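Have a look at input24.txt; it's compact mmCIF, C-alpha atoms:
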# COMPACT_ATOMS: atom_id res chain seq x y z
CA MET A 1376 124.36 -48.23 41.83
CA THR A 1377 127.79 -46.98 40.82
CA VAL A 1378 130.23 -45.69 43.45
CA PRO A 1379 133.28 -44.09 41.78
CA THR A 1380 136.76 -44.08 43.23
CA ALA A 1381 138.34 -41.05 44.86
CA THR A 1382 140.20 -40.33 41.64
CA ASP A 1383 136.93 -40.39 39.72
CA ALA A 1384 135.40 -38.03 42.23
CA THR A 1385 138.29 -35.60 41.93
CA THR A 1386 137.99 -35.69 38.16
CA ALA A 1387 134.26 -35.00 38.42
CA VAL A 1388 134.83 -32.00 40.64
CA ASN A 1389 137.49 -30.67 38.29
CA ALA A 1390 134.98 -31.04 35.47
CA ALA A 1391 132.68 -28.55 37.23
CA ASP A 1392 130.31 -31.25 38.49
CA PRO A 1393 128.35 -30.66 41.70
CA PRO A 1394 130.59 -30.38 44.81
CA VAL A 1395 131.31 -33.50 46.87
CA SER A 1396 131.41 -33.32 50.68
CA ASP A 1397 134.24 -34.73 52.78
CA SER A 1398 131.86 -37.33 54.24
CA GLU A 1399 130.97 -38.58 50.76
CA ARG A 1400 134.64 -38.90 49.83
CA LEU A 1401 135.51 -40.70 53.07
CA LEU A 1402 132.57 -43.11 53.17
CA PHE A 1403 131.78 -43.66 49.48
CA GLY A 1404 134.84 -42.51 47.56
CA GLY A 1405 132.84 -39.82 45.76
CA PRO A 1406 129.29 -39.05 44.63
CA MET A 1407 126.78 -41.90 44.35
CA ARG A 1408 125.45 -42.32 40.83
CA TYR A 1409 122.73 -44.85 40.01
CA ASP A 1410 122.98 -47.00 36.91
CA TYR A 1411 119.26 -47.80 36.80
CA GLY A 1412 117.43 -47.07 33.56
CA TRP A 1413 115.46 -44.14 34.98
CA ALA A 1414 118.67 -42.41 36.09
CA LYS A 1415 119.67 -41.54 32.52
CA HIS A 1416 117.25 -38.60 32.53
CA GLU A 1417 117.95 -37.26 36.02
CA LEU A 1418 120.34 -34.55 34.78
CA ALA A 1419 118.56 -33.88 31.49
CA GLY A 1420 117.28 -30.53 32.71
CA ALA A 1421 120.82 -29.19 33.00
CA GLY A 1422 120.93 -28.68 29.23
CA LEU A 1423 117.40 -27.31 28.91
CA SER A 1424 116.44 -23.67 28.80
CA PHE A 1425 112.97 -22.22 29.22
CA TRP A 1426 112.51 -21.92 25.48
CA SER A 1427 113.72 -25.46 24.77
CA ILE A 1428 111.22 -26.80 27.30
CA ALA A 1429 108.50 -24.61 25.78
CA ARG A 1430 109.29 -26.05 22.33
CA GLN A 1431 108.91 -29.58 23.68
CA MET A 1432 105.63 -28.89 25.45
CA PRO A 1433 103.38 -29.29 22.36
CA ARG A 1434 104.79 -32.77 21.78
CA PHE A 1435 104.28 -33.81 25.38
CA VAL A 1436 100.81 -32.25 25.53
CA ALA A 1437 99.86 -34.09 22.32
CA LEU A 1438 101.13 -37.36 23.83
CA ALA A 1439 99.12 -36.76 27.00
CA GLY A 1440 96.10 -35.85 24.88
CA ARG A 1441 96.26 -39.12 22.96
CA MET A 1442 96.58 -41.08 26.19
CA ALA A 1443 93.72 -39.12 27.78
CA TRP A 1444 91.50 -39.72 24.75
CA SER A 1445 92.23 -43.44 24.95
CA ALA A 1446 91.74 -43.61 28.72
CA ASP A 1447 88.55 -41.53 29.22
CA ARG A 1448 87.06 -39.63 26.29
CA ALA A 1449 84.15 -38.20 28.27
CA ALA A 1450 86.45 -36.66 30.87
CA MET A 1451 88.77 -35.25 28.22
CA LEU A 1452 85.89 -33.66 26.29
CA THR A 1453 84.57 -32.21 29.55
CA LEU A 1454 87.99 -30.79 30.40
CA VAL A 1455 88.64 -29.17 27.02
CA GLY A 1456 85.07 -27.90 26.74
CA ALA A 1457 85.12 -26.41 30.23
CA GLU A 1458 88.41 -24.62 29.60
CA LEU A 1459 87.20 -23.22 26.27
CA LEU A 1460 84.00 -21.96 27.87
CA ARG A 1461 85.98 -20.44 30.74
CA GLY A 1462 87.97 -18.45 28.20
CA VAL A 1463 84.78 -17.27 26.54
CA ALA A 1464 83.30 -16.40 29.94
CA ALA A 1465 86.39 -14.33 30.79
CA ALA A 1466 86.00 -12.35 27.56
CA LEU A 1467 82.27 -11.82 28.15
CA ALA A 1468 82.97 -10.73 31.73
CA LEU A 1469 85.37 -8.05 30.50
CA ILE A 1470 82.84 -6.82 27.93
CA ALA A 1471 80.09 -6.72 30.57
CA THR A 1472 82.43 -4.93 32.99
CA ASN A 1473 83.18 -2.30 30.35
CA ARG A 1474 79.47 -1.74 29.78
CA ALA A 1475 78.76 -1.54 33.51
CA LEU A 1476 81.52 1.00 34.04
CA GLY A 1477 80.31 3.01 31.06
CA ARG A 1478 76.84 3.21 32.58
CA LEU A 1479 78.11 3.98 36.10
CA LEU A 1480 80.42 6.75 34.94
CA ALA A 1481 77.80 8.39 32.73
CA PRO A 1482 76.36 11.74 33.92
CA GLY A 1483 72.91 11.80 35.44
CA GLN A 1484 70.98 11.06 38.61
CA VAL A 1485 72.42 8.31 40.81
CA SER A 1486 69.23 6.23 40.67
CA ASP A 1487 69.04 6.49 36.90
CA VAL A 1488 72.72 5.61 36.52
CA LEU A 1489 72.41 2.56 38.77
CA HIS A 1490 69.24 1.43 37.01
CA SER A 1491 70.89 1.63 33.60
CA ALA A 1492 73.99 -0.23 34.85
CA LEU A 1493 72.03 -2.96 36.67
CA PRO A 1494 71.70 -5.37 33.69
CA ALA A 1495 75.44 -5.26 33.01
CA ILE A 1496 76.23 -5.76 36.71
CA ILE A 1497 73.89 -8.76 36.88
CA THR A 1498 75.53 -10.15 33.74
CA VAL A 1499 78.96 -9.92 35.37
CA GLY A 1500 77.67 -11.81 38.43
CA VAL A 1501 76.04 -14.54 36.33
CA ILE A 1502 79.19 -14.98 34.24
CA ALA A 1503 81.29 -15.22 37.42
CA ALA A 1504 78.99 -17.95 38.74
CA LEU A 1505 79.13 -19.85 35.45
CA SER A 1506 82.92 -19.54 35.41
CA ALA A 1507 83.07 -21.05 38.90
CA LEU A 1508 80.92 -23.97 37.77
CA LEU A 1509 83.12 -24.49 34.73
CA SER A 1510 86.21 -24.44 36.94
CA THR A 1511 84.64 -27.13 39.12
CA ALA A 1512 83.89 -29.25 36.05
CA SER A 1513 87.44 -28.80 34.79
CA ASN A 1514 88.94 -29.83 38.14
CA TRP A 1515 86.68 -32.87 38.26
CA ALA A 1516 87.64 -33.94 34.75
CA SER A 1517 91.34 -33.38 35.41
CA GLY A 1518 91.18 -35.36 38.65
CA ARG A 1519 89.45 -38.19 36.78
CA LEU A 1520 91.84 -38.12 33.83
CA GLU A 1521 95.13 -38.29 35.73
CA PRO A 1522 94.61 -41.73 37.32
CA ALA A 1523 92.95 -43.00 34.12
CA VAL A 1524 96.01 -41.99 32.06
CA PHE A 1525 98.31 -43.60 34.62
CA ARG A 1526 96.30 -46.82 34.47
CA GLN A 1527 96.21 -46.88 30.68
CA ALA A 1528 99.91 -46.15 30.32
CA THR A 1529 100.85 -48.75 32.92
CA VAL A 1530 98.65 -51.44 31.36
CA ASP A 1531 100.07 -50.72 27.90
CA PHE A 1532 103.62 -50.82 29.26
CA LEU A 1533 103.09 -54.07 31.16
CA GLY A 1534 101.39 -55.60 28.13
CA ILE A 1535 104.43 -54.89 25.97
CA VAL A 1536 106.81 -56.29 28.57
CA ALA A 1537 104.68 -59.38 29.15
CA GLY A 1538 104.74 -60.15 25.42
CA ALA A 1539 108.49 -59.70 25.07
CA GLU A 1540 110.74 -62.65 24.36
CA LEU A 1541 112.79 -64.20 27.17
CA GLU A 1542 115.97 -63.14 25.38
CA ALA A 1543 114.89 -59.48 25.64
CA ILE A 1544 114.04 -59.81 29.33
CA GLU A 1545 117.56 -61.08 29.98
CA ASP A 1546 119.15 -58.21 28.05
CA PRO A 1547 120.49 -55.52 30.46
CA GLU A 1548 119.93 -52.72 27.95
CA TYR A 1549 116.31 -53.77 27.47
CA LEU A 1550 115.80 -53.92 31.23
CA ALA A 1551 117.24 -50.41 31.52
CA GLU A 1552 114.67 -49.16 29.01
CA VAL A 1553 111.92 -51.00 30.89
CA ASP A 1554 113.01 -49.40 34.15
CA SER A 1555 112.94 -45.95 32.57
CA ALA A 1556 109.58 -46.56 30.86
CA ARG A 1557 107.97 -47.35 34.21
CA TRP A 1558 108.52 -43.74 35.16
CA GLY A 1559 106.90 -42.66 31.90
CA ALA A 1560 103.44 -43.58 33.17
CA MET A 1561 103.86 -41.35 36.21
CA SER A 1562 105.25 -38.57 34.01
CA LEU A 1563 102.21 -38.75 31.74
CA GLN A 1564 99.95 -38.44 34.76
CA HIS A 1565 101.78 -35.27 35.79
CA ILE A 1566 101.65 -33.90 32.24
CA VAL A 1567 97.84 -34.03 32.31
CA GLY A 1568 97.75 -31.66 35.28
CA ARG A 1569 100.30 -29.32 33.70
CA ALA A 1570 98.44 -29.36 30.39
CA THR A 1571 95.26 -28.35 32.21
CA ALA A 1572 97.04 -25.40 33.83
CA LEU A 1573 98.54 -24.46 30.48
CA LEU A 1574 95.14 -24.54 28.75
CA THR A 1575 93.61 -22.43 31.52
CA ALA A 1576 96.31 -19.77 31.27
CA LEU A 1577 96.37 -19.83 27.46
CA PHE A 1578 92.61 -19.44 26.99
CA ALA A 1579 92.35 -16.77 29.69
CA LEU A 1580 95.24 -14.76 28.28
CA THR A 1581 93.91 -15.07 24.73
CA SER A 1582 90.42 -13.93 25.69
CA ALA A 1583 91.69 -11.01 27.78
CA ALA A 1584 94.16 -9.96 25.09
CA GLY A 1585 91.45 -10.07 22.41
CA VAL A 1586 89.02 -7.93 24.38
CA LEU A 1587 91.64 -5.41 25.47
CA SER A 1588 92.95 -5.07 21.92
CA VAL A 1589 89.46 -4.25 20.70
CA LEU A 1590 88.86 -1.72 23.47
CA HIS A 1591 92.18 0.07 22.90
CA PRO A 1592 95.45 -1.02 21.19
CA ALA A 1593 97.57 0.29 24.09
CA LEU A 1594 95.99 -2.04 26.68
CA LEU A 1595 97.58 -5.27 25.42
CA PRO A 1596 101.21 -4.11 25.79
CA MET A 1597 100.34 -2.90 29.29
CA LEU A 1598 98.95 -6.32 30.21
CA LEU A 1599 102.11 -8.03 28.97
CA LEU A 1600 104.30 -5.46 30.74
CA ILE A 1601 102.64 -6.18 34.09
CA ALA A 1602 102.71 -9.98 33.64
CA ALA A 1603 106.31 -10.20 32.39
CA PRO A 1604 108.11 -9.73 35.76
CA ARG A 1605 106.03 -12.47 37.37
CA GLY A 1606 106.85 -14.89 34.59
CA TRP A 1607 110.53 -14.01 34.79
CA GLY A 1608 110.56 -14.53 38.57
CA ALA A 1609 108.80 -17.90 38.33
CA VAL A 1610 111.21 -19.18 35.68
CA ARG A 1611 114.27 -17.96 37.58
CA THR A 1612 113.10 -19.58 40.83
CA ALA A 1613 112.29 -22.87 39.09
CA ARG A 1614 115.68 -23.04 37.36
CA ARG A 1615 117.50 -22.22 40.59
CA ARG A 1616 115.56 -24.96 42.40
CA TYR A 1617 116.37 -27.48 39.68
CA ALA A 1618 120.05 -26.55 39.75
CA SER A 1619 120.06 -27.10 43.51
CA THR A 1620 118.35 -30.47 43.14
CA ARG A 1621 120.89 -31.49 40.53
CA ALA A 1622 123.79 -30.38 42.72
CA MET A 1623 122.49 -32.15 45.84
CA VAL A 1624 121.05 -35.36 44.37
CA GLN A 1625 124.11 -37.51 45.09
CA HIS A 1626 124.49 -35.85 48.48
CA SER A 1627 120.89 -36.74 49.34
CA ARG A 1628 121.39 -40.34 48.25
CA ALA A 1629 124.43 -40.72 50.46
CA SER A 1630 122.72 -39.24 53.54
CA THR A 1631 119.66 -41.42 52.93
CA LEU A 1632 121.85 -44.52 52.79
CA LEU A 1633 123.49 -43.56 56.09
CA ALA A 1634 120.06 -43.12 57.68
CA ASP A 1635 118.99 -46.53 56.36
CA MET A 1636 122.10 -48.15 57.81
CA LEU A 1637 121.28 -46.66 61.23
CA ILE A 1638 117.66 -47.89 61.32
CA ARG A 1639 117.42 -51.03 59.14
CA PRO A 1640 117.69 -54.55 60.61
CA TRP A 1641 120.19 -55.74 58.01
CA SER A 1642 122.90 -53.44 59.40
CA ALA A 1643 121.90 -53.27 63.07
CA ALA A 1644 124.04 -56.18 64.29
CA GLU A 1645 127.23 -55.08 62.53
CA LEU A 1646 126.85 -51.50 63.72
CA ARG A 1647 126.55 -52.64 67.32
CA VAL A 1648 129.38 -55.15 67.12
CA HIS A 1649 131.84 -52.56 65.79
CA GLY A 1650 130.37 -49.61 67.69
CA CYS A 1651 130.32 -47.41 64.58
CA GLY A 1652 126.83 -45.99 65.09
CA PRO A 1653 128.11 -42.67 66.51
CA PHE A 1654 130.60 -42.43 63.65
CA LEU A 1655 127.88 -42.76 61.00
CA LEU A 1656 125.55 -40.48 62.96
CA GLY A 1657 128.21 -37.78 63.07
CA HIS A 1658 128.72 -37.90 59.31
CA TYR A 1659 124.96 -37.94 58.73
CA GLU A 1660 124.63 -34.80 60.86
CA GLN A 1661 127.37 -33.08 58.85
CA MET A 1662 125.62 -33.93 55.58
CA ALA A 1663 122.24 -32.90 56.98
CA ARG A 1664 123.67 -29.52 58.00
CA ALA A 1665 125.03 -29.07 54.46
CA ALA A 1666 121.57 -29.79 53.04
CA GLU A 1667 120.07 -27.36 55.56
CA ARG A 1668 122.47 -24.63 54.47
CA GLU A 1669 121.54 -25.26 50.84
CA GLN A 1670 117.83 -24.90 51.62
CA GLY A 1671 118.57 -21.68 53.49
CA ARG A 1672 120.49 -20.38 50.48
CA LEU A 1673 117.53 -21.19 48.23
CA ALA A 1674 115.14 -19.43 50.59
CA ARG A 1675 117.30 -16.28 50.63
CA ALA A 1676 117.66 -16.35 46.85
CA ARG A 1677 113.92 -16.80 46.37
CA ALA A 1678 113.18 -13.95 48.77
CA GLY A 1679 115.50 -11.72 46.75
CA THR A 1680 113.89 -12.79 43.48
CA ASP A 1681 110.39 -12.27 44.89
CA LEU A 1682 111.37 -8.80 46.11
CA LEU A 1683 112.82 -7.88 42.73
CA THR A 1684 109.77 -9.33 40.95
CA ALA A 1685 107.40 -7.38 43.18
CA THR A 1686 109.42 -4.20 42.59
CA LEU A 1687 109.42 -4.65 38.82
CA THR A 1688 105.70 -5.49 38.84
CA GLY A 1689 105.00 -2.39 40.91
CA LEU A 1690 107.01 -0.22 38.55
CA ALA A 1691 105.30 -1.77 35.51
CA THR A 1692 101.88 -1.27 37.11
CA THR A 1693 102.72 2.32 37.94
CA ALA A 1694 103.89 2.95 34.40
CA ALA A 1695 100.80 1.30 32.96
CA PHE A 1696 98.41 3.36 35.09
CA THR A 1697 100.38 6.49 34.32
CA VAL A 1698 99.86 5.84 30.62
CA LEU A 1699 96.19 5.05 31.26
CA GLY A 1700 95.76 8.33 33.15
CA TRP A 1701 97.50 10.23 30.39
CA LEU A 1702 95.26 8.64 27.75
CA VAL A 1703 92.12 9.35 29.78
CA LEU A 1704 93.06 12.95 30.49
CA GLY A 1705 93.97 13.46 26.83
CA GLY A 1706 90.59 12.14 25.72
CA SER A 1707 92.12 9.22 23.80
CA MET A 1708 90.55 6.60 26.06
CA PRO A 1709 87.20 6.57 27.87
CA LEU A 1710 87.41 6.18 31.63
CA ALA A 1711 85.29 3.02 31.43
CA VAL A 1712 87.88 1.37 29.18
CA ALA A 1713 90.65 2.21 31.66
CA GLY A 1714 88.56 0.68 34.45
CA THR A 1715 88.06 -2.45 32.38
CA ALA A 1716 91.82 -2.87 32.07
CA ASP A 1717 92.07 -2.64 35.86
CA ALA A 1718 89.42 -5.39 36.17
CA VAL A 1719 91.38 -7.94 34.10
CA PRO A 1720 92.86 -9.79 37.13
CA ALA A 1721 89.39 -10.14 38.67
CA CYS A 1722 87.66 -11.29 35.49
CA SER A 1723 90.51 -13.54 34.37
CA PRO A 1724 92.69 -14.52 37.36
CA SER A 1725 94.88 -16.89 35.31
CA CYS A 1726 96.34 -13.91 33.43
CA GLY A 1727 98.23 -12.93 36.54
CA ARG A 1728 99.76 -16.35 37.11
CA PRO A 1729 102.89 -17.39 35.26
CA CYS A 1730 102.59 -20.78 33.67
CA CYS A 1731 105.75 -22.46 32.51
CA PRO A 1732 106.76 -26.02 31.81
CA SER A 1733 108.60 -27.59 34.68
CA THR A 1734 109.73 -30.83 36.19
CA ARG A 1735 108.45 -32.44 39.33
CA GLY A 1736 110.76 -33.51 42.09
CA GLY A 1737 113.77 -33.39 39.79
CA VAL A 1738 112.31 -36.12 37.54
CA PRO A 1739 111.93 -34.75 34.01
CA VAL A 1740 109.08 -35.73 31.76
CA GLN A 1741 111.56 -37.22 29.27
CA HIS A 1742 110.62 -40.63 30.73
CA ALA A 1743 107.30 -40.34 28.88
CA ARG A 1744 109.15 -40.86 25.57
CA ASP A 1745 110.84 -44.09 26.66
CA ASP A 1746 109.40 -47.31 25.29
CA PRO A 1747 110.40 -50.82 26.37

Go through the file and emit its structure as structure tokens.
Amino acid sequence: MTVPTATDATTAVNAADPPVSDSERLLFGGPMRYDYGWAKHELAGAGLSFWSIARQMPRFVALAGRMAWSADRAAMLTLVGAELLRGVAAALALIATNRALGRLLAPGQVSDVLHSALPAIITVGVIAALSALLSTASNWASGRLEPAVFRQATVDFLGIVAGAELEAIEDPEYLAEVDSARWGAMSLQHIVGRATALLTALFALTSAAGVLSVLHPALLPMLLLIAAPRGWGAVRTARRRYASTRAMVQHSRASTLLADMLIRPWSAAELRVHGCGPFLLGHYEQMARAAEREQGRLARARAGTDLLTATLTGLATTAAFTVLGWLVLGGSMPLAVAGTADAVPACSPSCGRPCCPSTRGGVPVQHARDDP
């Protein structure tokens, strides 16, 4: 662990680094920065945008796919097959919904209308049940793959290290790479879960977009218009959270060290001899209050983003239904087709959920690329 001098801390602040509290300057001389191998990636997200992460996702998904295939082929085949079939089921559900609405909205006696629509309604129910079963199979396979990938990656990593020469083990640079690679196994495990969510959203969106485009060309832009604000809000909230984590990471380390000094046996005797427990407790409370204020700021910012997202989504939905009403009244679109567009969230729930690459707990998935 590296503890810079007060001059170094001042230079860091002048360089637009995260702010340093008075307690950190007094007790540690500045922010605490680790020199462990895994720490080299802790600020990697600062230079990443949404699109740069999206460009990297295929490479990481391919890496996770190779590891999953090596760890448990049956579970991987089950996962991919279940997600593909869920996408097909979503498309069939939309088609069946369109047919059911067409029958229900047709002129005639109520009994005759219901009788003609009954097969399509039953089809929608059967497809919904099959989709639920496929979702269960996908969750089972994903839950089985994640620990299997972690085991395989860890065994491969330890095998490489165990076969390394003694000279390499004594090399600090090699040990730094080993330390970083240990986090790669955990990152791969997380990538499997994210890849599953990405596949679910991708297949659902593709199937819904294909069906809506066939029903009417104007439906696809409406779907994207409604989903866009949610995606924007999710990305903005995630980037704000990461920026906060980056700004507070050294602060959190310092407060954690103070808490350890107050409760661990190795410092108990010295604290009591010098009577400095209240001094450390006071500084810990100051740093804890700063962290509390930061969390409050994030909560207010997220509430504002959620409110703006909901407003934009409402306006987009209103605009979309206005266009749908205009098309229906003008005779350019059957009423059943407009109803099918309204049923997209029910038939394909993943279309309404933004799915974007992210990091977990401030630890980026760049560790997955590190090899010892």

Inset, instruction - Calculate how many Å separate atom CA of A:Ser1517 from atom CA of A:Met1442, rounding to one decimal. - result: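 Value for the atom CA of A:Ser1517-atom CA of A:Met1442 distance: 13.1 Å.
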
Inset, instruction - Using all atoms listed in the file, pick whichever of A:Glu1548, A:Glu1458, A:Asp1487, A:Glu1542 has the shortest atom-to-atom distance to A:Ser1510. - result: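 Looking at the shortest contact to A:Ser1510, the residue is A:Glu1458.
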
Could you list, with a cut-off of 12 Å and counting only C-alpha atoms, the residues of stretch 1400-1516 of chain A near stretch 1698-1711 of chain A, each shown with its nearest atom pair and the distance in Å rounded to one decimal, rows sorted by chain and ascending number, as CSV?
residue,atom,partner,partner_atom,distance
A:Leu1469,CA,A:Ala1711,CA,11.1
A:Ile1470,CA,A:Ala1711,CA,10.7
A:Ala1471,CA,A:Ala1711,CA,11.1
A:Thr1472,CA,A:Ala1711,CA,8.6
A:Asn1473,CA,A:Ala1711,CA,5.8
A:Arg1474,CA,A:Ala1711,CA,7.7
A:Ala1475,CA,A:Ala1711,CA,8.2
A:Leu1476,CA,A:Ala1711,CA,5.0
A:Gly1477,CA,A:Ala1711,CA,5.0
A:Arg1478,CA,A:Ala1711,CA,8.5
A:Leu1479,CA,A:Ala1711,CA,8.6
A:Leu1480,CA,A:Ala1711,CA,7.1
A:Ala1481,CA,A:Ala1711,CA,9.3

Legend entry - Separation of atom CA of A:Leu1687 from atom CA of A:Arg1621 in Å: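 We find that atom CA of A:Arg1621 and atom CA of A:Leu1687 lie 29.2 Å from each other.
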
Inset, instruction - Could you please determine the separation between atom CA of A:Thr1693 and atom CA of A:Trp1607 in Å, to one decimal place? - result: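 Taking atom CA of A:Thr1693 as the start and atom CA of A:Trp1607 as the end point, the length is 18.4 Å.
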
Legend entry - Nearest to A:His1658, chosen from A:Arg1569, A:His1626, A:Arg1675, A:Arg1615, with all atoms listed in the file counted in the distances: A:His1626

Using 3 Å of padding on each side, determine the axis-aligned box around all atoms of stretch 1598-1605 of chain A present in the file and give its centre and edge lengths in Å to one decimal, as lines of an AutoDock Vina configuration file.
center_x = 103.5
center_y = -9.0
center_z = 33.2
size_x = 15.2
size_y = 13.0
size_z = 14.4

Inset, instruction - Just the residues within 12 Å of stretch 1661-1670 of chain A, please, counting all atoms listed in the file, with nothing from its chain fewer than 4 positions along; format it as a ChimeraX atom specification. - result: /A:1394-1400,1402,1615-1616,1618-1620,1622-1634,1654-1657,1674-1677

Legend entry - Closest of A:Leu1590, A:Thr1511, A:Gly1538, A:Thr1498 to A:Gly1714 - atom-to-atom distances counting all atoms listed in the file: A:Leu1590

Inset, instruction - Could you check which of A:Leu1533, A:Ala1465, A:Leu1459, A:Trp1426 is closest to A:Gly1585, using only C-alpha atoms? - result: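 Residue with the minimum atom-to-atom distance to A:Gly1585: A:Ala1465.
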